[in-house]
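As provided, start25.csv (CSV, N, CA and C atoms) reads as follows.
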chain,number,residue,atom,x,y,z
M,1,MET,N,156.8,-52.7,0.0
M,1,MET,CA,155.7,-52.7,-0.9
M,1,MET,C,154.4,-53.0,-0.2
M,2,SER,N,153.3,-52.1,-0.5
M,2,SER,CA,152.0,-52.3,0.2
M,2,SER,C,150.9,-52.0,-0.8
M,3,LEU,N,150.0,-52.9,-0.9
M,3,LEU,CA,148.8,-52.7,-1.8
M,3,LEU,C,147.8,-51.7,-1.2
M,4,ALA,N,148.0,-51.3,0.1
M,4,ALA,CA,147.0,-50.5,0.7
M,4,ALA,C,146.6,-49.2,0.0
M,5,PRO,N,147.6,-48.5,-0.6
M,5,PRO,CA,147.2,-47.2,-1.3
M,5,PRO,C,146.3,-47.6,-2.5
M,6,LEU,N,146.6,-48.7,-3.2
M,6,LEU,CA,145.8,-49.1,-4.3
M,6,LEU,C,144.4,-49.5,-3.9
M,7,LEU,N,144.3,-50.3,-2.9
M,7,LEU,CA,143.1,-50.9,-2.4
M,7,LEU,C,142.2,-49.8,-1.7
M,8,ASP,N,142.8,-48.7,-1.2
M,8,ASP,CA,142.1,-47.7,-0.6
M,8,ASP,C,141.6,-46.6,-1.6
M,9,ALA,N,142.0,-46.7,-2.8
M,9,ALA,CA,141.6,-45.7,-3.8
M,9,ALA,C,140.2,-45.9,-4.3
M,10,ALA,N,139.7,-45.0,-5.1
M,10,ALA,CA,138.3,-45.1,-5.6
M,10,ALA,C,138.3,-46.4,-6.4
M,11,PRO,N,137.1,-47.1,-6.5
M,11,PRO,CA,137.0,-48.4,-7.1
M,11,PRO,C,137.5,-48.6,-8.5
M,12,ALA,N,137.4,-47.5,-9.3
M,12,ALA,CA,137.9,-47.6,-10.7
M,12,ALA,C,139.4,-47.8,-10.8
M,13,ILE,N,140.1,-47.3,-9.8
M,13,ILE,CA,141.6,-47.3,-9.8
M,13,ILE,C,142.1,-48.7,-9.6
M,14,PRO,N,141.7,-49.5,-8.6
M,14,PRO,CA,142.2,-50.9,-8.5
M,14,PRO,C,141.7,-51.7,-9.6
M,15,LEU,N,140.5,-51.5,-10.1
M,15,LEU,CA,140.0,-52.3,-11.2
M,15,LEU,C,140.9,-52.1,-12.4
M,16,HIS,N,141.2,-50.8,-12.7
M,16,HIS,CA,142.0,-50.4,-13.8
M,16,HIS,C,143.4,-51.0,-13.7
M,17,ALA,N,144.0,-50.9,-12.5
M,17,ALA,CA,145.4,-51.4,-12.2
M,17,ALA,C,145.5,-52.9,-12.3
M,18,PHE,N,144.6,-53.6,-11.7
M,18,PHE,CA,144.6,-55.1,-11.7
M,18,PHE,C,144.4,-55.6,-13.1
M,19,ALA,N,143.5,-55.0,-13.8
M,19,ALA,CA,143.2,-55.4,-15.2
M,19,ALA,C,144.4,-55.2,-16.1
M,20,ALA,N,145.1,-54.0,-15.9
M,20,ALA,CA,146.3,-53.7,-16.6
M,20,ALA,C,147.5,-54.7,-16.3
M,21,MET,N,147.6,-55.0,-15.0
M,21,MET,CA,148.6,-56.0,-14.6
M,21,MET,C,148.4,-57.4,-15.2
M,22,ALA,N,147.1,-57.8,-15.2
M,22,ALA,CA,146.8,-59.1,-15.8
M,22,ALA,C,147.0,-59.1,-17.3
M,23,ALA,N,146.6,-58.0,-17.9
M,23,ALA,CA,146.8,-57.9,-19.4
M,23,ALA,C,148.3,-57.9,-19.7
M,24,PHE,N,149.1,-57.2,-18.9
M,24,PHE,CA,150.6,-57.2,-19.1
M,24,PHE,C,151.1,-58.7,-19.0
M,25,ALA,N,150.7,-59.4,-18.0
M,25,ALA,CA,151.2,-60.8,-17.8
M,25,ALA,C,150.7,-61.7,-19.0
M,26,LEU,N,149.5,-61.5,-19.4
M,26,LEU,CA,149.0,-62.3,-20.5
M,26,LEU,C,149.6,-61.9,-21.8
M,27,GLY,N,149.9,-60.6,-22.0
M,27,GLY,CA,150.6,-60.2,-23.2
M,27,GLY,C,152.0,-60.8,-23.3
M,28,ILE,N,152.7,-60.9,-22.2
M,28,ILE,CA,154.0,-61.6,-22.2
M,28,ILE,C,153.9,-63.1,-22.6
M,29,VAL,N,152.8,-63.7,-22.1
M,29,VAL,CA,152.6,-65.1,-22.4
M,29,VAL,C,152.3,-65.2,-23.9
M,30,GLN,N,151.5,-64.3,-24.5
M,30,GLN,CA,151.1,-64.3,-25.9
M,30,GLN,C,152.4,-64.2,-26.8
M,31,PHE,N,153.3,-63.3,-26.4
M,31,PHE,CA,154.5,-63.1,-27.2
M,31,PHE,C,155.3,-64.4,-27.2
M,32,ALA,N,155.4,-65.1,-26.1
M,32,ALA,CA,156.2,-66.3,-26.0
M,32,ALA,C,155.6,-67.6,-26.6
M,33,ALA,N,154.2,-67.6,-26.6
M,33,ALA,CA,153.5,-68.8,-27.0
M,33,ALA,C,153.4,-69.0,-28.5
M,34,PRO,N,153.1,-70.2,-29.0
M,34,PRO,CA,152.9,-70.4,-30.4
M,34,PRO,C,151.7,-69.6,-30.9
M,35,LYS,N,151.7,-69.1,-32.1
M,35,LYS,CA,150.7,-68.3,-32.6
M,35,LYS,C,149.7,-69.1,-33.4
M,36,GLY,N,148.4,-68.6,-33.5
M,36,GLY,CA,147.4,-69.3,-34.4
M,36,GLY,C,146.8,-70.5,-33.8
M,37,THR,N,147.1,-70.8,-32.6
M,37,THR,CA,146.6,-72.0,-31.9
M,37,THR,C,145.3,-71.6,-31.1
M,38,LEU,N,144.5,-72.6,-30.7
M,38,LEU,CA,143.3,-72.4,-29.9
M,38,LEU,C,143.7,-71.6,-28.6
M,39,PRO,N,144.8,-72.1,-27.9
M,39,PRO,CA,145.2,-71.3,-26.7
M,39,PRO,C,145.5,-69.9,-27.0
M,40,HIS,N,146.2,-69.6,-28.1
M,40,HIS,CA,146.5,-68.2,-28.5
M,40,HIS,C,145.3,-67.4,-28.7
M,41,ARG,N,144.3,-68.0,-29.4
M,41,ARG,CA,143.0,-67.2,-29.6
M,41,ARG,C,142.3,-67.0,-28.3
M,42,THR,N,142.3,-68.0,-27.4
M,42,THR,CA,141.5,-67.9,-26.2
M,42,THR,C,142.2,-66.9,-25.3
M,43,VAL,N,143.5,-67.0,-25.1
M,43,VAL,CA,144.2,-66.0,-24.3
M,43,VAL,C,144.1,-64.6,-24.9
M,44,GLY,N,144.1,-64.6,-26.3
M,44,GLY,CA,143.9,-63.3,-27.0
M,44,GLY,C,142.6,-62.6,-26.7
M,45,TRP,N,141.5,-63.4,-26.6
M,45,TRP,CA,140.2,-62.8,-26.3
M,45,TRP,C,140.1,-62.3,-24.9
M,46,ILE,N,140.8,-63.1,-24.0
M,46,ILE,CA,140.8,-62.6,-22.6
M,46,ILE,C,141.6,-61.3,-22.5
M,47,TRP,N,142.7,-61.2,-23.3
M,47,TRP,CA,143.5,-60.0,-23.3
M,47,TRP,C,142.7,-58.8,-23.8
M,48,VAL,N,142.0,-59.1,-24.9
M,48,VAL,CA,141.2,-58.0,-25.4
M,48,VAL,C,140.1,-57.5,-24.4
M,49,ALA,N,139.5,-58.5,-23.7
M,49,ALA,CA,138.5,-58.1,-22.7
M,49,ALA,C,139.2,-57.3,-21.6
M,50,LEU,N,140.4,-57.7,-21.1
M,50,LEU,CA,141.1,-57.0,-20.1
M,50,LEU,C,141.5,-55.6,-20.5
M,51,MET,N,142.0,-55.5,-21.7
M,51,MET,CA,142.3,-54.1,-22.3
M,51,MET,C,141.1,-53.2,-22.4
M,52,THR,N,140.0,-53.8,-22.7
M,52,THR,CA,138.7,-53.0,-22.8
M,52,THR,C,138.4,-52.5,-21.4
M,53,VAL,N,138.5,-53.4,-20.4
M,53,VAL,CA,138.3,-52.9,-19.0
M,53,VAL,C,139.3,-51.8,-18.6
M,54,VAL,N,140.5,-52.0,-19.0
M,54,VAL,CA,141.6,-51.0,-18.7
M,54,VAL,C,141.2,-49.6,-19.3
M,55,ALA,N,140.8,-49.7,-20.6
M,55,ALA,CA,140.5,-48.4,-21.3
M,55,ALA,C,139.2,-47.8,-20.8
M,56,ILE,N,138.2,-48.5,-20.6
M,56,ILE,CA,136.9,-48.0,-20.1
M,56,ILE,C,137.0,-47.5,-18.7
M,57,SER,N,137.6,-48.2,-17.8
M,57,SER,CA,137.8,-47.8,-16.4
M,57,SER,C,138.5,-46.5,-16.3
M,58,SER,N,139.4,-46.2,-17.2
M,58,SER,CA,140.2,-45.0,-17.1
M,58,SER,C,139.4,-43.7,-17.2
M,59,PHE,N,138.2,-43.8,-17.7
M,59,PHE,CA,137.3,-42.6,-17.8
M,59,PHE,C,136.7,-42.2,-16.5
M,60,TRP,N,136.9,-43.1,-15.4
M,60,TRP,CA,136.5,-42.7,-14.1
M,60,TRP,C,137.7,-42.4,-13.2
M,61,ILE,N,138.8,-42.2,-13.8
M,61,ILE,CA,140.1,-41.8,-13.1
M,61,ILE,C,140.4,-40.4,-13.5
M,62,HIS,N,140.5,-39.5,-12.6
M,62,HIS,CA,140.7,-38.1,-12.9
M,62,HIS,C,141.8,-37.5,-11.9
M,63,GLN,N,142.9,-38.3,-11.7
M,63,GLN,CA,143.9,-37.7,-10.8
M,63,GLN,C,144.7,-36.6,-11.5
M,64,ILE,N,144.9,-36.7,-12.8
M,64,ILE,CA,145.6,-35.6,-13.5
M,64,ILE,C,144.5,-34.9,-14.3
M,65,ARG,N,144.4,-33.6,-14.1
M,65,ARG,CA,143.3,-32.8,-14.8
M,65,ARG,C,144.0,-31.7,-15.5
M,66,LEU,N,144.1,-31.9,-16.8
M,66,LEU,CA,144.7,-30.8,-17.7
M,66,LEU,C,143.7,-30.2,-18.6
M,67,LEU,N,142.6,-30.9,-19.0
M,67,LEU,CA,141.6,-30.4,-19.8
M,67,LEU,C,140.2,-30.7,-19.1
M,68,GLY,N,139.8,-29.9,-18.2
M,68,GLY,CA,138.7,-30.2,-17.4
M,68,GLY,C,139.0,-31.4,-16.5
M,69,PRO,N,138.2,-32.5,-16.5
M,69,PRO,CA,138.5,-33.7,-15.7
M,69,PRO,C,139.5,-34.6,-16.5
M,70,TRP,N,139.9,-34.3,-17.7
M,70,TRP,CA,140.6,-35.2,-18.5
M,70,TRP,C,142.1,-34.8,-18.6
M,71,SER,N,142.9,-35.8,-19.0
M,71,SER,CA,144.3,-35.6,-19.3
M,71,SER,C,144.6,-36.2,-20.6
M,72,PRO,N,145.8,-35.9,-21.2
M,72,PRO,CA,146.1,-36.4,-22.5
M,72,PRO,C,146.1,-38.0,-22.6
M,73,ILE,N,146.3,-38.6,-21.4
M,73,ILE,CA,146.3,-40.1,-21.4
M,73,ILE,C,145.0,-40.6,-21.8
M,74,HIS,N,143.9,-39.9,-21.6
M,74,HIS,CA,142.6,-40.3,-21.9
M,74,HIS,C,142.4,-40.5,-23.4
M,75,LEU,N,143.3,-39.8,-24.2
M,75,LEU,CA,143.2,-40.1,-25.7
M,75,LEU,C,143.6,-41.5,-26.0
M,76,LEU,N,144.5,-42.0,-25.2
M,76,LEU,CA,144.9,-43.5,-25.3
M,76,LEU,C,143.7,-44.4,-25.0
M,77,SER,N,142.9,-43.9,-24.1
M,77,SER,CA,141.7,-44.7,-23.7
M,77,SER,C,140.7,-44.7,-24.8
M,78,ILE,N,140.7,-43.7,-25.7
M,78,ILE,CA,139.8,-43.7,-26.8
M,78,ILE,C,140.4,-44.6,-27.9
M,79,PHE,N,141.7,-44.4,-28.1
M,79,PHE,CA,142.4,-45.1,-29.2
M,79,PHE,C,142.5,-46.6,-29.0
M,80,THR,N,142.6,-47.1,-27.7
M,80,THR,CA,142.8,-48.5,-27.4
M,80,THR,C,141.6,-49.4,-27.9
M,81,PRO,N,140.4,-49.1,-27.6
M,81,PRO,CA,139.3,-49.9,-28.1
M,81,PRO,C,139.2,-50.0,-29.6
M,82,VAL,N,139.5,-48.8,-30.3
M,82,VAL,CA,139.6,-48.8,-31.7
M,82,VAL,C,140.7,-49.7,-32.2
M,83,ALA,N,141.8,-49.7,-31.6
M,83,ALA,CA,143.0,-50.5,-32.0
M,83,ALA,C,142.6,-52.0,-31.8
M,84,LEU,N,141.9,-52.3,-30.7
M,84,LEU,CA,141.5,-53.7,-30.5
M,84,LEU,C,140.6,-54.2,-31.5
M,85,VAL,N,139.6,-53.4,-31.9
M,85,VAL,CA,138.7,-53.8,-33.0
M,85,VAL,C,139.5,-54.0,-34.3
M,86,LEU,N,140.3,-53.1,-34.6
M,86,LEU,CA,141.1,-53.3,-35.9
M,86,LEU,C,142.0,-54.5,-35.8
M,87,ALA,N,142.6,-54.8,-34.7
M,87,ALA,CA,143.4,-56.0,-34.5
M,87,ALA,C,142.6,-57.3,-34.7
M,88,VAL,N,141.4,-57.3,-34.1
M,88,VAL,CA,140.6,-58.5,-34.2
M,88,VAL,C,140.1,-58.7,-35.6
M,89,VAL,N,139.7,-57.6,-36.3
M,89,VAL,CA,139.3,-57.7,-37.7
M,89,VAL,C,140.5,-58.2,-38.5
M,90,ALA,N,141.7,-57.7,-38.3
M,90,ALA,CA,142.9,-58.2,-39.0
M,90,ALA,C,143.1,-59.6,-38.8
M,91,ALA,N,143.0,-60.1,-37.6
M,91,ALA,CA,143.2,-61.6,-37.3
M,91,ALA,C,142.1,-62.4,-38.0
M,92,ARG,N,140.8,-61.9,-38.0
M,92,ARG,CA,139.7,-62.7,-38.6
M,92,ARG,C,139.8,-62.7,-40.1
M,93,THR,N,140.5,-61.7,-40.7
M,93,THR,CA,140.6,-61.7,-42.1
M,93,THR,C,142.0,-62.3,-42.5
M,94,HIS,N,142.7,-62.9,-41.6
M,94,HIS,CA,144.0,-63.5,-41.8
M,94,HIS,C,145.1,-62.6,-42.2
M,95,ASN,N,145.0,-61.3,-41.8
M,95,ASN,CA,146.0,-60.3,-42.1
M,95,ASN,C,146.9,-60.3,-40.8
M,96,VAL,N,147.8,-61.4,-40.8
M,96,VAL,CA,148.6,-61.6,-39.6
M,96,VAL,C,149.6,-60.5,-39.3
M,97,ARG,N,150.2,-59.9,-40.4
M,97,ARG,CA,151.1,-58.8,-40.2
M,97,ARG,C,150.5,-57.6,-39.5
M,98,ARG,N,149.3,-57.2,-40.0
M,98,ARG,CA,148.6,-56.1,-39.5
M,98,ARG,C,148.2,-56.4,-38.0
M,99,HIS,N,147.7,-57.6,-37.8
M,99,HIS,CA,147.2,-58.0,-36.4
M,99,HIS,C,148.4,-57.9,-35.5
M,100,ARG,N,149.6,-58.4,-35.9
M,100,ARG,CA,150.8,-58.4,-35.0
M,100,ARG,C,151.2,-56.9,-34.7
M,101,ILE,N,151.2,-56.1,-35.7
M,101,ILE,CA,151.7,-54.7,-35.6
M,101,ILE,C,150.7,-54.0,-34.6
M,102,ILE,N,149.4,-54.1,-34.8
M,102,ILE,CA,148.5,-53.4,-33.9
M,102,ILE,C,148.6,-53.9,-32.5
M,103,MET,N,148.7,-55.3,-32.3
M,103,MET,CA,148.7,-55.8,-31.0
M,103,MET,C,150.0,-55.4,-30.2
M,104,VAL,N,151.1,-55.6,-30.9
M,104,VAL,CA,152.4,-55.2,-30.3
M,104,VAL,C,152.4,-53.7,-30.0
M,105,SER,N,151.9,-52.9,-30.9
M,105,SER,CA,151.8,-51.4,-30.6
M,105,SER,C,150.9,-51.1,-29.4
M,106,THR,N,149.8,-51.8,-29.3
M,106,THR,CA,148.9,-51.5,-28.2
M,106,THR,C,149.5,-52.0,-26.9
M,107,PHE,N,150.2,-53.1,-26.9
M,107,PHE,CA,150.8,-53.6,-25.7
M,107,PHE,C,151.9,-52.6,-25.3
M,108,ALA,N,152.7,-52.2,-26.3
M,108,ALA,CA,153.8,-51.3,-25.9
M,108,ALA,C,153.3,-49.9,-25.5
M,109,GLY,N,152.3,-49.4,-26.1
M,109,GLY,CA,151.9,-48.0,-25.8
M,109,GLY,C,150.9,-48.0,-24.6
M,110,ALA,N,149.9,-48.8,-24.6
M,110,ALA,CA,148.9,-48.8,-23.6
M,110,ALA,C,149.3,-49.4,-22.3
M,111,LEU,N,150.2,-50.4,-22.3
M,111,LEU,CA,150.6,-51.1,-21.1
M,111,LEU,C,152.0,-50.7,-20.7
M,112,VAL,N,153.0,-50.8,-21.6
M,112,VAL,CA,154.4,-50.5,-21.2
M,112,VAL,C,154.6,-49.0,-21.0
M,113,LEU,N,154.4,-48.2,-22.0
M,113,LEU,CA,154.7,-46.8,-21.9
M,113,LEU,C,153.8,-46.1,-20.9
M,114,ALA,N,152.5,-46.3,-21.0
M,114,ALA,CA,151.5,-45.7,-20.0
M,114,ALA,C,151.8,-46.3,-18.6
M,115,GLY,N,152.2,-47.5,-18.5
M,115,GLY,CA,152.5,-48.1,-17.2
M,115,GLY,C,153.7,-47.5,-16.6
M,116,LEU,N,154.7,-47.1,-17.4
M,116,LEU,CA,155.9,-46.5,-16.8
M,116,LEU,C,155.5,-45.2,-16.1
M,117,PHE,N,154.5,-44.4,-16.7
M,117,PHE,CA,154.1,-43.2,-16.1
M,117,PHE,C,153.5,-43.3,-14.7
M,118,THR,N,153.0,-44.6,-14.4
M,118,THR,CA,152.4,-44.8,-13.1
M,118,THR,C,153.4,-44.8,-12.0
M,119,PHE,N,154.7,-44.9,-12.3
M,119,PHE,CA,155.8,-45.0,-11.4
M,119,PHE,C,156.3,-43.6,-11.0
M,120,VAL,N,155.7,-42.5,-11.6
M,120,VAL,CA,156.2,-41.1,-11.3
M,120,VAL,C,155.8,-40.9,-9.8
M,121,PRO,N,156.7,-40.2,-9.1
M,121,PRO,CA,156.4,-39.9,-7.7
M,121,PRO,C,155.1,-39.1,-7.5
M,122,GLY,N,154.3,-39.5,-6.5
M,122,GLY,CA,153.0,-38.9,-6.3
M,122,GLY,C,151.9,-39.7,-6.9
M,123,ARG,N,152.2,-40.7,-7.8
M,123,ARG,CA,151.1,-41.6,-8.3
M,123,ARG,C,150.9,-42.8,-7.4
M,124,ILE,N,149.8,-43.4,-7.4
M,124,ILE,CA,149.4,-44.5,-6.5
M,124,ILE,C,150.4,-45.7,-6.7
M,125,ILE,N,150.7,-46.1,-7.9
M,125,ILE,CA,151.6,-47.2,-8.1
M,125,ILE,C,153.0,-46.9,-7.6
M,126,HIS,N,153.4,-45.7,-7.7
M,126,HIS,CA,154.7,-45.3,-7.1
M,126,HIS,C,154.7,-45.6,-5.6
M,127,THR,N,153.6,-45.1,-5.0
M,127,THR,CA,153.4,-45.3,-3.5
M,127,THR,C,153.4,-46.8,-3.2
M,128,VAL,N,152.7,-47.6,-4.0
M,128,VAL,CA,152.6,-49.0,-3.7
M,128,VAL,C,154.0,-49.7,-3.7
M,129,PHE,N,154.8,-49.3,-4.7
M,129,PHE,CA,156.1,-50.0,-4.8
M,129,PHE,C,157.2,-49.3,-3.9
M,130,PHE,N,157.2,-48.0,-3.7
M,130,PHE,CA,158.3,-47.3,-3.1
M,130,PHE,C,157.9,-46.6,-1.8
M,131,GLY,N,156.6,-46.7,-1.4
M,131,GLY,CA,156.2,-46.0,-0.2
M,131,GLY,C,155.9,-44.5,-0.4
M,132,PRO,N,155.4,-43.9,0.6
M,132,PRO,CA,155.0,-42.5,0.5
M,132,PRO,C,156.2,-41.5,0.4
Take the structure I supplied and represent it as structure tokens, if you would.
Amino acid sequence: MSLAPLLDAAPAIPLHAFAAMAAFALGIVQFAAPKGTLPHRTVGWIWVALMTVVAISSFWIHQIRLLGPWSPIHLLSIFTPVALVLAVVAARTHNVRRHRIIMVSTFAGALVLAGLFTFVPGRIIHTVFFGP
């Protein structure tokens, strides 16, 4: 394993990857920790900020070009901030069920599912973990 391919990439790529990894770790903490507490809300705001960085930074990543400079994964980058706003609104209006559904779905789709695609041969994260 070598971080060199990630660190040598365009600046948006390591920003995107490290923010996603931090969001993944904090998401796991959120799932395990007690809900509705001050630490849950604090970590939740940090997670929302990290996911915002992940979504926005992706617009400067154009390794896969299917529609001009864009790929279908960029649709997720549009959807994620919208989902985050809806989840925060749900939490602030005490709609816990809706908040949970949106947050778990965002974690599963934007971090787990999208993250799995970074391990496809030829992608930078694949090279980081498995070599060239």
Can I get the residues of region 77-121 of chain M within 8 Å of region 24-48 of chain M, each with the closest pair of atoms and their distance in Å to one decimal, using all atoms listed in the file, sorted chain first then ascending number, as a Markdown table?
| residue | atom | partner | partner_atom | distance |
| --- | --- | --- | --- | --- |
| M:Leu84 | CA | M:Val48 | CA | 6.7 |
| M:Phe107 | CA | M:Gly27 | CA | 7.1 |
| M:Leu111 | CA | M:Phe24 | CA | 6.4 |
| M:Val112 | N | M:Phe24 | CA | 7.3 |
> What are the DSSP alpha helix (DSSP H) residues of region 2-132 of chain M, as a ChimeraX atom specification?
Replying inline: /M:4-7,12-32,38-57,73-92,96-106,114-117,124-130
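Of the listed residues (M:Arg123, M:Phe130, M:Ala55, M:His62), M:Ala55 comes nearest to Thr106 (chain M); the distances count only C-alpha atoms.
The nearest approach to Trp60 (chain M) among the residues M:Val85, M:Ile102, M:Leu113, M:Leu15, with only C-alpha atoms taken into account, belongs to M:Leu15.
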>> I'd like the neighbourhood of Phe59 (chain M) as a PyMOL selection string, where a residue qualifies if any of its atoms comes within 8 Å (using only N, CA and C atoms), though same-chain residues fewer than 4 positions away should be ignored.
In response: chain M and resi 12+54-55+74+77
> Between CA of Ile61 (chain M) and CA of Thr118 (chain M), what is the distance, to one decimal in Å?
Replying inline: 12.7 Å
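Every protein or nucleic acid residue with an atom no more than 6.5 Å from Phe129 (chain M), counting all atoms listed in the file and leaving out same-chain residues fewer than 4 positions away, appears here: Met1, Ser2, Ile124 and Ile125 of chain M.
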Grab the residues selected above and save them as a tab-separated table (two decimals), keeping the file's coordinate frame with N, CA and C atoms.
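Output file again-v2.tsv follows:
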chain	number	residue	atom	x	y	z
M	1	MET	N	156.80	-52.70	0.00
M	1	MET	CA	155.70	-52.70	-0.90
M	1	MET	C	154.40	-53.00	-0.20
M	2	SER	N	153.30	-52.10	-0.50
M	2	SER	CA	152.00	-52.30	0.20
M	2	SER	C	150.90	-52.00	-0.80
M	124	ILE	N	149.80	-43.40	-7.40
M	124	ILE	CA	149.40	-44.50	-6.50
M	124	ILE	C	150.40	-45.70	-6.70
M	125	ILE	N	150.70	-46.10	-7.90
M	125	ILE	CA	151.60	-47.20	-8.10
M	125	ILE	C	153.00	-46.90	-7.60
> Do you have the CA of Ala17 (chain M)-CA of Val88 (chain M) distance handy?
Replying inline: 23.6 Å
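If only C-alpha atoms are the atoms counted, then among M:Ile73, M:Ala20, M:Met103, M:Val128 the closest residue to Ala91 (chain M) is M:Met103.
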Take region 78-94 of chain M from the block and save it with N, CA and C atoms, as a PDB file, in the first residue's frame.
ATOM      1  N   ILE M  78     -24.734  15.945  -7.010  1.00  0.00           N
ATOM      2  CA  ILE M  78     -25.839  16.907  -6.961  1.00  0.00           C
ATOM      3  C   ILE M  78     -26.841  16.485  -5.888  1.00  0.00           C
ATOM      4  N   PHE M  79     -27.122  15.206  -5.841  1.00  0.00           N
ATOM      5  CA  PHE M  79     -28.106  14.676  -4.906  1.00  0.00           C
ATOM      6  C   PHE M  79     -27.656  14.789  -3.447  1.00  0.00           C
ATOM      7  N   THR M  80     -26.369  14.579  -3.184  1.00  0.00           N
ATOM      8  CA  THR M  80     -25.868  14.525  -1.802  1.00  0.00           C
ATOM      9  C   THR M  80     -26.140  15.804  -1.017  1.00  0.00           C
ATOM     10  N   PRO M  81     -25.788  16.993  -1.511  1.00  0.00           N
ATOM     11  CA  PRO M  81     -26.097  18.194  -0.720  1.00  0.00           C
ATOM     12  C   PRO M  81     -27.592  18.392  -0.484  1.00  0.00           C
ATOM     13  N   VAL M  82     -28.393  18.019  -1.463  1.00  0.00           N
ATOM     14  CA  VAL M  82     -29.848  18.113  -1.290  1.00  0.00           C
ATOM     15  C   VAL M  82     -30.291  17.182  -0.163  1.00  0.00           C
ATOM     16  N   ALA M  83     -29.779  15.950  -0.178  1.00  0.00           N
ATOM     17  CA  ALA M  83     -30.122  14.987   0.877  1.00  0.00           C
ATOM     18  C   ALA M  83     -29.662  15.484   2.246  1.00  0.00           C
ATOM     19  N   LEU M  84     -28.490  16.087   2.303  1.00  0.00           N
ATOM     20  CA  LEU M  84     -27.982  16.594   3.580  1.00  0.00           C
ATOM     21  C   LEU M  84     -28.892  17.681   4.136  1.00  0.00           C
ATOM     22  N   VAL M  85     -29.325  18.590   3.279  1.00  0.00           N
ATOM     23  CA  VAL M  85     -30.247  19.647   3.723  1.00  0.00           C
ATOM     24  C   VAL M  85     -31.550  19.028   4.222  1.00  0.00           C
ATOM     25  N   LEU M  86     -32.095  18.086   3.477  1.00  0.00           N
ATOM     26  CA  LEU M  86     -33.344  17.430   3.895  1.00  0.00           C
ATOM     27  C   LEU M  86     -33.173  16.700   5.224  1.00  0.00           C
ATOM     28  N   ALA M  87     -32.035  16.066   5.422  1.00  0.00           N
ATOM     29  CA  ALA M  87     -31.779  15.336   6.666  1.00  0.00           C
ATOM     30  C   ALA M  87     -31.658  16.284   7.855  1.00  0.00           C
ATOM     31  N   VAL M  88     -30.982  17.411   7.651  1.00  0.00           N
ATOM     32  CA  VAL M  88     -30.848  18.400   8.730  1.00  0.00           C
ATOM     33  C   VAL M  88     -32.212  18.992   9.074  1.00  0.00           C
ATOM     34  N   VAL M  89     -32.989  19.310   8.054  1.00  0.00           N
ATOM     35  CA  VAL M  89     -34.340  19.833   8.296  1.00  0.00           C
ATOM     36  C   VAL M  89     -35.172  18.802   9.051  1.00  0.00           C
ATOM     37  N   ALA M  90     -35.075  17.555   8.671  1.00  0.00           N
ATOM     38  CA  ALA M  90     -35.820  16.496   9.368  1.00  0.00           C
ATOM     39  C   ALA M  90     -35.402  16.418  10.825  1.00  0.00           C
ATOM     40  N   ALA M  91     -34.114  16.502  11.099  1.00  0.00           N
ATOM     41  CA  ALA M  91     -33.640  16.442  12.492  1.00  0.00           C
ATOM     42  C   ALA M  91     -34.134  17.651  13.277  1.00  0.00           C
ATOM     43  N   ARG M  92     -34.057  18.825  12.685  1.00  0.00           N
ATOM     44  CA  ARG M  92     -34.449  20.047  13.392  1.00  0.00           C
ATOM     45  C   ARG M  92     -35.952  20.111  13.648  1.00  0.00           C
ATOM     46  N   THR M  93     -36.735  19.403  12.823  1.00  0.00           N
ATOM     47  CA  THR M  93     -38.188  19.353  13.043  1.00  0.00           C
ATOM     48  C   THR M  93     -38.594  18.091  13.802  1.00  0.00           C
ATOM     49  N   HIS M  94     -37.599  17.405  14.339  1.00  0.00           N
ATOM     50  CA  HIS M  94     -37.796  16.207  15.170  1.00  0.00           C
ATOM     51  C   HIS M  94     -38.436  15.036  14.425  1.00  0.00           C
TER      52      HIS M  94
END
